[in-house]
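Pasted below: my_file-v3.txt, compact mmCIF, C-alpha atoms (C1' of nucleotides).
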# COMPACT_ATOMS: atom_id res chain seq x y z
CA MET X 25 101.52 137.53 103.85
CA THR X 26 103.62 139.21 106.52
CA LYS X 27 106.38 137.46 108.42
CA ALA X 28 104.14 137.15 111.46
CA GLU X 29 101.38 135.51 109.45
CA LYS X 30 103.87 133.06 107.99
CA THR X 31 105.17 132.17 111.42
CA ARG X 32 101.64 131.79 112.75
CA ASN X 33 100.80 129.35 109.99
CA PHE X 34 104.08 127.55 110.53
CA ILE X 35 103.37 127.08 114.22
CA VAL X 36 99.87 125.82 113.51
CA GLU X 37 101.04 123.36 110.86
CA LYS X 38 103.70 121.92 113.11
CA THR X 39 101.60 121.66 116.26
CA ALA X 40 98.29 120.54 114.75
CA PRO X 41 99.26 116.84 114.63
CA ILE X 42 100.58 117.02 118.19
CA PHE X 43 97.36 118.44 119.58
CA ASN X 44 95.48 115.82 117.60
CA MET X 45 97.52 113.01 119.16
CA LYS X 46 98.13 114.23 122.69
CA GLY X 47 95.08 116.38 123.28
CA TYR X 48 94.93 119.81 124.89
CA ALA X 49 96.13 118.97 128.40
CA GLY X 50 98.67 116.51 127.07
CA THR X 51 100.35 119.01 124.78
CA SER X 52 102.82 121.27 126.57
CA LEU X 53 104.50 124.46 125.47
CA ASN X 54 107.70 122.51 125.43
CA ASP X 55 106.12 120.23 122.81
CA ILE X 56 105.25 123.31 120.79
CA THR X 57 108.73 124.84 120.90
CA ALA X 58 110.31 121.46 120.15
CA ALA X 59 108.09 120.88 117.12
CA THR X 60 108.65 124.33 115.67
CA GLY X 61 112.25 124.97 116.69
CA LEU X 62 111.07 128.32 117.99
CA THR X 63 111.28 129.73 121.49
CA LYS X 64 108.52 130.49 123.93
CA GLY X 65 108.98 134.20 123.30
CA SER X 66 108.27 133.69 119.63
CA ILE X 67 105.21 131.54 120.25
CA TYR X 68 103.74 134.10 122.62
CA GLY X 69 104.58 136.88 120.20
CA ASN X 70 102.16 135.25 117.76
CA PHE X 71 99.55 133.75 120.09
CA ALA X 72 98.06 135.09 123.31
CA ASN X 73 98.20 131.73 125.08
CA LYS X 74 98.13 127.96 124.66
CA ASP X 75 94.37 128.04 124.13
CA GLU X 76 94.73 130.12 120.99
CA VAL X 77 97.26 127.70 119.53
CA ALA X 78 94.99 124.77 120.32
CA MET X 79 92.01 126.44 118.67
CA ALA X 80 93.98 127.32 115.56
CA ALA X 81 95.34 123.77 115.46
CA PHE X 82 91.84 122.32 115.61
CA ASP X 83 90.62 124.68 112.90
CA TYR X 84 93.56 123.64 110.76
CA ASN X 85 92.95 119.93 111.29
CA LEU X 86 89.25 120.34 110.60
CA LYS X 87 89.81 122.33 107.42
CA ASN X 88 92.24 119.68 106.29
CA VAL X 89 89.49 117.05 106.51
CA SER X 90 86.76 119.27 105.09
CA THR X 91 88.63 120.31 101.98
CA ARG X 92 89.61 116.73 101.18
CA ILE X 93 86.01 115.59 101.56
CA GLU X 94 84.71 118.52 99.53
CA ALA X 95 87.13 117.82 96.69
CA GLU X 96 86.35 114.11 96.56
CA MET X 97 82.62 114.75 96.77
CA ASN X 98 82.72 117.04 93.76
CA ARG X 99 84.18 114.17 91.76
CA GLN X 100 81.12 112.03 92.48
CA THR X 101 77.84 112.42 90.61
CA SER X 102 75.25 110.36 92.48
CA ILE X 103 74.13 111.25 95.99
CA LYS X 104 74.88 107.78 97.26
CA ASP X 105 78.44 107.97 95.99
CA LYS X 106 78.82 111.35 97.63
CA LEU X 107 77.69 109.85 100.93
CA LEU X 108 80.25 107.10 100.61
CA VAL X 109 83.13 109.52 100.14
CA TYR X 110 83.76 109.52 103.89
CA ILE X 111 84.81 105.90 103.70
CA ASP X 112 87.76 106.53 101.42
CA ILE X 113 88.81 109.78 103.05
CA TYR X 114 88.79 108.50 106.60
CA GLN X 115 90.70 105.40 105.57
CA LYS X 116 93.69 107.72 105.38
CA PHE X 117 93.15 108.91 108.92
CA ILE X 118 93.38 105.39 110.20
CA ASP X 119 96.60 104.36 108.50
CA GLY X 120 98.08 107.73 109.47
CA SER X 121 98.87 108.88 105.94
CA VAL X 122 96.93 112.06 106.72
CA SER X 123 96.97 114.21 109.87
CA ALA X 124 98.54 111.91 112.45
CA GLY X 125 96.37 110.85 115.38
CA GLY X 126 93.08 110.07 113.69
CA CYS X 127 89.95 112.14 113.15
CA PRO X 128 90.25 115.57 114.80
CA VAL X 129 86.48 115.78 115.32
CA LEU X 130 86.39 112.58 117.34
CA ASN X 131 89.60 113.31 119.22
CA THR X 132 88.67 116.83 120.17
CA ALA X 133 85.09 115.89 121.04
CA ILE X 134 86.30 113.36 123.59
CA ASP X 135 89.18 115.51 124.77
CA ALA X 136 87.33 118.78 125.24
CA ASP X 137 83.84 117.54 126.08
CA ASP X 138 84.07 117.83 129.85
CA THR X 139 87.10 120.07 130.14
CA HIS X 140 87.36 122.85 127.58
CA PRO X 141 84.14 124.74 126.73
CA GLU X 142 85.66 126.89 124.01
CA LEU X 143 87.14 123.95 122.17
CA ARG X 144 83.98 121.95 122.76
CA GLY X 145 81.98 124.70 121.09
CA ARG X 146 84.12 124.49 118.00
CA VAL X 147 83.74 120.70 117.70
CA LEU X 148 80.04 120.96 118.36
CA LYS X 149 79.67 123.35 115.44
CA ALA X 150 81.74 121.02 113.24
CA VAL X 151 79.48 118.05 114.03
CA LEU X 152 76.29 120.01 113.48
CA ASP X 153 77.60 121.40 110.19
CA TRP X 154 78.51 117.89 109.15
CA LYS X 155 75.05 116.64 110.07
CA ASN X 156 73.41 119.45 108.08
CA LYS X 157 75.59 118.78 105.08
CA ILE X 158 74.66 115.09 104.94
CA GLY X 159 71.04 115.99 105.65
CA LYS X 160 70.93 118.28 102.63
CA LEU X 161 72.53 115.64 100.45
CA VAL X 162 69.84 113.19 101.51
CA GLU X 163 67.14 115.74 100.78
CA ALA X 164 68.60 116.24 97.33
CA GLY X 165 68.61 112.46 96.92
CA ILE X 166 64.95 112.30 97.84
CA ALA X 167 64.18 115.12 95.43
CA ASN X 168 65.76 113.29 92.49
CA LYS X 169 64.20 109.94 93.47
CA GLU X 170 67.56 108.40 94.33
CA ILE X 171 66.46 107.95 97.94
CA TYR X 172 63.05 106.86 99.22
CA ALA X 173 60.81 109.74 100.26
CA ASP X 174 60.01 108.23 103.66
CA GLN X 175 63.63 108.35 104.81
CA ASN X 176 64.60 110.74 107.62
CA PRO X 177 67.56 112.91 106.50
CA GLU X 178 68.59 113.79 110.05
CA GLN X 179 68.55 110.16 111.15
CA ILE X 180 70.60 109.10 108.16
CA ALA X 181 73.13 111.86 108.77
CA LEU X 182 73.56 110.90 112.43
CA THR X 183 73.81 107.21 111.60
CA ILE X 184 76.53 107.74 109.01
CA ILE X 185 78.55 110.00 111.30
CA ALA X 186 78.22 107.55 114.18
CA MET X 187 79.37 104.61 112.09
CA VAL X 188 82.28 106.50 110.61
CA GLU X 189 83.54 107.88 113.92
CA GLY X 190 82.93 104.67 115.85
CA GLY X 191 84.68 102.79 113.09
CA ILE X 192 87.68 105.07 113.24
CA MET X 193 87.98 104.56 116.98
CA ILE X 194 87.94 100.78 116.61
CA SER X 195 90.25 100.63 113.62
CA LYS X 196 92.80 103.05 115.04
CA LEU X 197 92.83 101.37 118.43
CA THR X 198 93.23 97.88 117.02
CA SER X 199 95.39 98.93 114.07
CA LYS X 200 93.28 96.58 111.96
CA THR X 201 92.39 97.95 108.55
CA GLU X 202 90.26 94.88 107.90
CA TYR X 203 87.98 96.03 110.72
CA TRP X 204 87.51 99.29 108.88
CA GLY X 205 86.69 97.25 105.78
CA LEU X 206 84.00 95.29 107.60
CA ILE X 207 82.44 98.36 109.21
CA THR X 208 82.39 100.34 105.99
CA GLY X 209 80.95 97.25 104.32
CA SER X 210 77.95 97.63 106.61
CA LEU X 211 77.86 101.34 105.88
CA LYS X 212 77.82 100.71 102.12
CA LYS X 213 74.96 98.28 102.53
CA TYR X 214 73.12 100.83 104.67
CA VAL X 215 73.52 103.63 102.15
CA ASP X 216 72.49 101.29 99.36
CA SER X 217 69.33 100.38 101.25
CA LEU X 218 68.22 104.02 101.39
CA GLY X 219 66.73 104.01 97.92
CA MET N 42 89.12 93.39 153.65
CA THR N 43 92.05 95.18 155.27
CA LYS N 44 92.14 98.92 155.82
CA ALA N 45 94.55 99.33 152.92
CA GLU N 46 92.24 97.47 150.57
CA LYS N 47 89.32 99.62 151.66
CA THR N 48 91.31 102.77 151.06
CA ARG N 49 92.47 101.51 147.68
CA ASN N 50 88.90 100.89 146.64
CA PHE N 51 87.85 104.24 148.02
CA ILE N 52 90.51 106.04 146.01
CA VAL N 53 89.52 104.20 142.85
CA GLU N 54 85.82 104.91 143.31
CA LYS N 55 86.39 108.59 143.86
CA THR N 56 88.90 109.12 141.06
CA ALA N 57 87.36 106.88 138.38
CA PRO N 58 84.87 109.52 137.19
CA ILE N 59 87.61 112.14 137.13
CA PHE N 60 89.91 110.08 134.94
CA ASN N 61 86.91 109.34 132.73
CA MET N 62 86.17 113.03 132.29
CA LYS N 63 89.59 114.63 132.24
CA GLY N 64 91.71 111.83 130.84
CA TYR N 65 95.11 110.67 132.03
CA ALA N 66 97.19 113.78 131.36
CA GLY N 67 94.34 116.04 132.45
CA THR N 68 93.96 114.43 135.86
CA SER N 69 96.51 115.66 138.40
CA LEU N 70 97.49 114.30 141.79
CA ASN N 71 95.90 117.38 143.23
CA ASP N 72 92.61 116.27 141.64
CA ILE N 73 93.06 112.89 143.28
CA THR N 74 93.73 114.24 146.76
CA ALA N 75 90.89 116.74 146.44
CA ALA N 76 88.39 114.06 145.40
CA THR N 77 89.38 111.67 148.16
CA GLY N 78 90.19 114.08 150.96
CA LEU N 79 93.42 112.14 151.42
CA THR N 80 96.98 113.38 151.19
CA LYS N 81 99.64 112.52 148.65
CA GLY N 82 101.39 110.35 151.22
CA SER N 83 98.29 108.23 151.58
CA ILE N 84 97.77 107.91 147.84
CA TYR N 85 101.35 106.81 147.31
CA GLY N 86 101.12 104.46 150.25
CA ASN N 87 98.46 102.56 148.30
CA PHE N 88 99.61 103.05 144.71
CA ALA N 89 103.08 103.09 143.22
CA ASN N 90 102.35 106.05 140.94
CA LYS N 91 99.69 107.91 138.97
CA ASP N 92 99.72 105.24 136.29
CA GLU N 93 98.55 102.61 138.73
CA VAL N 94 95.64 104.75 139.87
CA ALA N 95 94.66 105.43 136.26
CA MET N 96 94.73 101.72 135.41
CA ALA N 97 92.67 100.78 138.43
CA ALA N 98 90.23 103.58 137.60
CA PHE N 99 89.81 102.30 134.06
CA ASP N 100 89.31 98.74 135.29
CA TYR N 101 86.69 100.01 137.70
CA ASN N 102 84.85 102.03 135.06
CA LEU N 103 84.95 99.11 132.65
CA LYS N 104 83.68 96.63 135.20
CA ASN N 105 80.89 99.03 136.02
CA VAL N 106 79.71 98.91 132.41
CA SER N 107 80.28 95.19 131.97
CA THR N 108 78.32 94.09 135.00
CA ARG N 109 75.37 96.29 134.09
CA ILE N 110 75.33 94.90 130.57
CA GLU N 111 75.72 91.34 131.82
CA ALA N 112 72.83 91.71 134.24
CA GLU N 113 70.50 93.26 131.70
CA MET N 114 71.44 90.68 129.08
CA ASN N 115 70.52 87.83 131.39
CA ARG N 116 67.05 89.28 131.63
CA GLN N 117 66.58 88.97 127.87
CA THR N 118 65.72 85.71 126.15
CA SER N 119 66.15 86.26 122.41
CA ILE N 120 69.54 86.94 120.87
CA LYS N 121 68.28 90.06 119.16
CA ASP N 122 67.03 91.49 122.44
CA LYS N 123 70.39 90.70 124.02
CA LEU N 124 72.13 92.62 121.24
CA LEU N 125 69.91 95.60 121.85
CA VAL N 126 70.76 95.78 125.55
CA TYR N 127 73.61 98.20 124.78
CA ILE N 128 71.09 100.80 123.72
CA ASP N 129 69.40 101.05 127.11
CA ILE N 130 72.59 100.75 129.13
CA TYR N 131 74.51 103.37 127.24
CA GLN N 132 71.61 105.76 127.40
CA LYS N 133 72.60 106.21 131.02
CA PHE N 134 76.14 107.11 130.08
CA ILE N 135 74.91 109.93 127.93
CA ASP N 136 72.63 111.60 130.43
CA GLY N 137 75.30 111.14 133.09
CA SER N 138 73.20 109.08 135.48
CA VAL N 139 76.00 106.51 135.43
CA SER N 140 79.76 107.01 135.60
CA ALA N 141 80.18 110.67 134.70
CA GLY N 142 82.01 111.50 131.48
CA GLY N 143 80.55 108.97 129.07
CA CYS N 144 81.74 105.56 127.93
CA PRO N 145 85.15 104.70 129.46
CA VAL N 146 86.06 102.51 126.49
CA LEU N 147 85.63 105.35 124.02
CA ASN N 148 87.22 107.96 126.28
CA THR N 149 90.25 105.89 127.14
CA ALA N 150 90.70 104.66 123.59
CA ILE N 151 90.97 108.23 122.32
CA ASP N 152 92.93 109.45 125.32
CA ALA N 153 95.53 106.69 125.48
CA ASP N 154 95.76 105.67 121.84
CA ASP N 155 98.85 107.66 120.91
CA THR N 156 100.16 108.46 124.37
CA HIS N 157 99.88 105.67 126.93
CA PRO N 158 100.72 102.13 125.71
CA GLU N 159 99.81 100.38 128.97
CA LEU N 160 96.38 102.00 129.14
CA ARG N 161 95.93 101.47 125.42
CA GLY N 162 96.56 97.76 125.91
CA ARG N 163 93.81 97.56 128.47
CA VAL N 164 91.26 99.30 126.23
CA LEU N 165 92.33 97.19 123.29
CA LYS N 166 91.58 94.04 125.26
CA ALA N 167 88.22 95.47 126.32
CA VAL N 168 87.20 96.15 122.72
CA LEU N 169 88.34 92.76 121.48
CA ASP N 170 86.51 91.02 124.34
CA TRP N 171 83.42 93.01 123.50
CA LYS N 172 83.71 92.06 119.83
CA ASN N 173 84.09 88.38 120.74
CA LYS N 174 81.12 88.51 123.06
CA ILE N 175 78.81 89.92 120.40
CA GLY N 176 80.30 87.55 117.86
CA LYS N 177 79.41 84.55 119.99
CA LEU N 178 75.90 85.87 120.53
CA VAL N 179 75.47 86.14 116.78
CA GLU N 180 76.78 82.61 116.30
CA ALA N 181 74.26 81.38 118.85
CA GLY N 182 71.60 83.32 116.97
CA ILE N 183 72.58 81.61 113.74
CA ALA N 184 72.53 78.23 115.44
CA ASN N 185 68.96 78.68 116.66
CA LYS N 186 67.81 80.15 113.32
CA GLU N 187 67.15 83.56 114.81
CA ILE N 188 69.79 85.08 112.53
CA TYR N 189 70.46 84.25 108.88
CA ALA N 190 73.28 81.77 108.36
CA ASP N 191 75.05 83.97 105.80
CA GLN N 192 75.64 86.78 108.28
CA ASN N 193 79.21 87.53 109.37
CA PRO N 194 79.40 87.57 113.20
CA GLU N 195 82.59 89.62 113.31
CA GLN N 196 81.18 92.24 110.97
CA ILE N 197 77.98 92.50 112.97
CA ALA N 198 79.92 92.87 116.20
CA LEU N 199 82.12 95.64 114.82
CA THR N 200 79.15 97.44 113.30
CA ILE N 201 77.20 97.43 116.54
CA ILE N 202 80.17 98.66 118.57
CA ALA N 203 80.91 101.40 116.04
CA MET N 204 77.32 102.64 116.04
CA VAL N 205 77.06 102.60 119.80
CA GLU N 206 80.37 104.39 120.42
CA GLY N 207 79.92 106.85 117.58
CA GLY N 208 76.42 107.52 118.83
CA ILE N 209 77.66 108.20 122.34
CA MET N 210 80.20 110.68 121.06
CA ILE N 211 77.57 112.60 119.11
CA SER N 212 74.90 112.52 121.81
CA LYS N 213 77.26 113.50 124.63
CA LEU N 214 78.83 116.29 122.62
CA THR N 215 75.52 117.76 121.52
CA SER N 216 73.66 116.91 124.74
CA LYS N 217 70.78 115.79 122.52
CA THR N 218 69.09 112.61 123.71
CA GLU N 219 66.88 112.67 120.63
CA TYR N 220 70.01 112.14 118.52
CA TRP N 221 70.69 109.00 120.54
CA GLY N 222 67.11 107.97 119.84
CA LEU N 223 67.56 108.39 116.09
CA ILE N 224 70.88 106.55 115.99
CA THR N 225 69.63 103.67 118.10
CA GLY N 226 66.57 103.62 115.86
CA SER N 227 68.88 102.76 113.00
CA LEU N 228 70.65 100.21 115.16
CA LYS N 229 67.36 98.52 116.02
CA LYS N 230 66.44 98.31 112.37
CA TYR N 231 69.86 96.89 111.61
CA VAL N 232 69.63 94.19 114.28
CA ASP N 233 66.11 93.38 113.14
CA SER N 234 67.33 92.92 109.56
CA LEU N 235 69.81 90.25 110.62
CA GLY N 236 67.27 87.46 110.61
C1' DC W 271 95.82 98.20 177.87
C1' DC W 272 99.87 98.23 175.56
C1' DT W 273 102.87 97.46 171.86
C1' DA W 274 104.23 96.58 167.14
C1' DA W 275 103.01 97.28 162.70
C1' DA W 276 100.36 99.42 159.32
C1' DA W 277 98.48 103.48 157.41
C1' DT W 278 98.19 108.30 156.89
C1' DA W 279 99.93 113.11 157.18
C1' DT W 280 103.62 116.52 156.88
C1' DA W 281 107.15 118.66 154.67
C1' DC W 282 109.92 118.75 151.17
C1' DC W 283 112.40 117.53 146.42
C1' DG W 284 113.76 118.80 141.51
C1' DA W 285 111.39 119.33 137.21
C1' DT W 286 108.14 121.21 134.44
C1' DC W 287 104.06 123.90 133.87
C1' DG W 288 102.08 128.29 131.36
C1' DG W 289 103.34 132.88 130.92
C1' DT W 290 106.07 137.54 130.68
C1' DA W 291 109.50 141.51 130.71
C1' DT W 292 113.51 142.59 128.45
C1' DT W 293 117.11 142.23 125.18
C1' DT W 294 118.80 140.94 120.84
C1' DT W 295 118.21 140.06 116.08
C1' DG W 296 116.04 140.66 111.61
C1' DT W 297 113.35 143.32 108.34
C1' DT W 298 111.95 147.18 105.63
C1' DA W 299 111.32 151.80 103.92
C1' DT W 300 113.59 156.03 103.26
C1' DA Y 178 123.37 153.01 104.84
C1' DT Y 179 120.70 153.83 108.50
C1' DA Y 180 116.83 154.67 111.35
C1' DA Y 181 112.44 152.85 112.86
C1' DC Y 182 110.03 149.00 113.63
C1' DA Y 183 108.78 144.16 113.87
C1' DA Y 184 109.94 139.68 115.37
C1' DA Y 185 112.36 136.33 117.82
C1' DA Y 186 115.52 134.89 121.68
C1' DT Y 187 116.97 135.12 126.48
C1' DA Y 188 116.20 134.92 131.05
C1' DC Y 189 113.23 134.81 134.37
C1' DC Y 190 108.52 134.46 137.24
C1' DG Y 191 105.39 131.94 140.60
C1' DA Y 192 102.61 127.86 140.50
C1' DT Y 193 101.98 123.27 139.92
C1' DC Y 194 103.65 118.90 138.39
C1' DG Y 195 104.63 113.84 140.04
C1' DG Y 196 107.07 111.78 143.63
C1' DT Y 197 109.51 110.72 148.31
C1' DA Y 198 111.67 110.61 153.08
C1' DT Y 199 110.19 111.13 157.45
C1' DA Y 200 107.16 111.94 161.25
C1' DT Y 201 102.68 111.13 163.25
C1' DT Y 202 98.54 108.77 163.87
C1' DT Y 203 95.61 104.80 163.63
C1' DT Y 204 94.77 100.05 163.65
C1' DA Y 205 94.94 95.33 165.24
C1' DG Y 206 96.85 91.37 168.14
C1' DG Y 207 98.28 89.57 172.48

Please lay out the structure from this file as structure tokens.
Amino acid sequence: MTKAEKTRNFIVEKTAPIFNMKGYAGTSLNDITAATGLTKGSIYGNFANKDEVAMAAFDYNLKNVSTRIEAEMNRQTSIKDKLLVYIDIYQKFIDGSVSAGGCPVLNTAIDADDTHPELRGRVLKAVLDWKNKIGKLVEAGIANKEIYADQNPEQIALTIIAMVEGGIMISKLTSKTEYWGLITGSLKKYVDSLG
Amino acid sequence: MTKAEKTRNFIVEKTAPIFNMKGYAGTSLNDITAATGLTKGSIYGNFANKDEVAMAAFDYNLKNVSTRIEAEMNRQTSIKDKLLVYIDIYQKFIDGSVSAGGCPVLNTAIDADDTHPELRGRVLKAVLDWKNKIGKLVEAGIANKEIYADQNPEQIALTIIAMVEGGIMISKLTSKTEYWGLITGSLKKYVDSLG
DNA sequence: CCTAAAATATACCGATCGGTATTTTGTTAT
DNA sequence: ATAACAAAATACCGATCGGTATATTTTAGG
């Protein structure tokens, strides 16, 4: 890893939580230099513009979530338990112990939806990938009789994502972890009812 | 209504969709003057600062949702049908036929959560009021035997809000109304299972 | 119709915005 | 050790930011 690559990673690591909290328009180059201790010249020596930093920051935040989910999912055996992994992982996004500012998918979706097509495209792909992943899990669950055959994998995927993301919004806004407990309680019951 | 009050309302009406789409940091005073055709002097003759315009815009967007929901709810007789009113109303937020930019509660919650305490306070109140409203509906449903007595009103309220807001995020981002149909399909089944 | 007050427009403020050309510093291979 | 190169810092750019003091226009009451 060259010096430039190291610095690039360093900048992304330091700015990713800021973009996640303040959004694209709300994060200034001054924020970026302050967080990294570097100067504007150095930032622009490693990135073409603010857009590129924002994209890399989103990718970093997304990968951070994905790898944690992947790891925890591999520790579960049943499909239903795999589907419920999101509950434990996203708990950490609410109390702030992981990636300050909440879920990057939700934040960036709202932030970039009507303002930043490039960023929007990245979040869109993330949501569709997520939907496909859950859909395939459900299909596997149907195949091994864990889930009823008449269930719609796409519908289940969308419902789980909606509940998780909506739940994060509520719990983060209110700072009430017991709300997250109640919402995920409904989610557990829902997943249990699938088969 | 004095001239100043008219102008104030006019400014709020014209800027409310912009704040809803671009967020607080993303909406500039130039956006405000462009949308209204007024000058900065006129804006600041009616509002102390950008914050005040943003607050008034949020209040306006929120009231817009609330009154529509209230009206549609009064047309329903059963508690379950009242709970399902959100589905039809929010449909219009996704296709953009009402208040461009999606649900103001969701947008402002994400936008202001970590950046704007005053605005955050307003959204927080909106969500808690919403939760209480659904909670009381559920209690009424329990009282008239429409809903099982062992159901938790607070949990039901939070679950419905989470599904609706999460569903809006997904449907707006993907521009797929069929996704909204699938998610609200789950919501209908959920509400139906309550009693 | 005229005047006083209210409302809007004009012109400007310093600060900050994203971005860049140039210089200085740090690194690395010979 | 030094030359060649890469990387970071400095100093600056025009544009836009939110905000204001002042001048002009519009409104409303007598």

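Each of Y:DA205, Y:DA181, Y:DA192, Y:DA200 was compared to DG288 in chain W using all atoms listed in the file, and Y:DA192 turns out to be the nearest.
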
Handout entry: chain W contacts on chain N, all atoms listed in the file, 9 Å, as a list in words
Key = Lys44, Ala45, Leu79, Thr80, Lys81, Gly82, Ser83 and Gly86 of chain N

Exercise for the section: Identify all chain X residues at most 8 Å from chain N by counting all atoms listed in the file; ligands do not count. Present them as a ChimeraX atom specification. Expected result: /X:45-47,49-50,125,130-131,133-135,137-139,144,148,151,179,182-183,185-191,193-194,196-198,203,206-207,210

Problem - Atomic separation - CA of Lys91 in chain N relative to C1' of DT197 in chain Y, Å - result: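 Between these atoms lies a distance of 13.8 Å.
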
Exercise for the section: Kindly give the distance, in Å, that separates CA of Leu108 in chain X and CA of Asp153 in chain X, rounded to a single decimal. Expected result: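 These atoms are spaced 17.4 Å apart.
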
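Computed from the coordinates, the CA of Lys160 in chain X to CA of Phe117 in chain X distance equals 24.9 Å.
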
Report as a Markdown table the residues of chain Y within 10 Å of chain N, each with its shortest atom pair and distance in Å (one decimal), using only C-alpha atoms (C1' of nucleotides), ordered by chain and increasing residue number.
| residue | atom | partner | partner_atom | distance |
| --- | --- | --- | --- | --- |
| Y:DT193 | C1' | N:Asn71 | CA | 9.1 |
| Y:DC194 | C1' | N:Ser69 | CA | 7.8 |
| Y:DG195 | C1' | N:Leu70 | CA | 7.4 |
| Y:DG196 | C1' | N:Asn90 | CA | 7.9 |
| Y:DT197 | C1' | N:Gly82 | CA | 8.6 |
| Y:DT204 | C1' | N:Lys44 | CA | 8.3 |

Selected residues written out with C-alpha atoms (C1' of nucleotides), as a JSON list (two decimals), in the frame of the given file:
[["chain", "number", "residue", "atom", "x", "y", "z"],
["Y", 193, "DT", "C1'", 101.98, 123.27, 139.92],
["Y", 194, "DC", "C1'", 103.65, 118.90, 138.39],
["Y", 195, "DG", "C1'", 104.63, 113.84, 140.04],
["Y", 196, "DG", "C1'", 107.07, 111.78, 143.63],
["Y", 197, "DT", "C1'", 109.51, 110.72, 148.31],
["Y", 204, "DT", "C1'", 94.77, 100.05, 163.65]]

Handout entry: Which of N:Met96, N:Ala167, N:Ile120, N:Ile110 sits closest to Ala181 in chain N [using only C-alpha atoms]
Key =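 Counting only C-alpha atoms, the residue closest to Ala181 in chain N is N:Ile120.
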
Just want the 8 Å neighbourhood of Ile56 in chain X, counted on only C-alpha atoms (C1' of nucleotides), with same-chain residues fewer than 5 positions away dropped. Output as a PDB file with C-alpha atoms, in the frame of the given file.
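Result written to part.pdb:
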ATOM      1  CA  ILE X  35     103.370 127.080 114.220  1.00  0.00           C
ATOM      2  CA  LYS X  38     103.700 121.920 113.110  1.00  0.00           C
ATOM      3  CA  THR X  39     101.600 121.660 116.260  1.00  0.00           C
ATOM      4  CA  THR X  51     100.350 119.010 124.780  1.00  0.00           C
TER       5      THR X  51
END
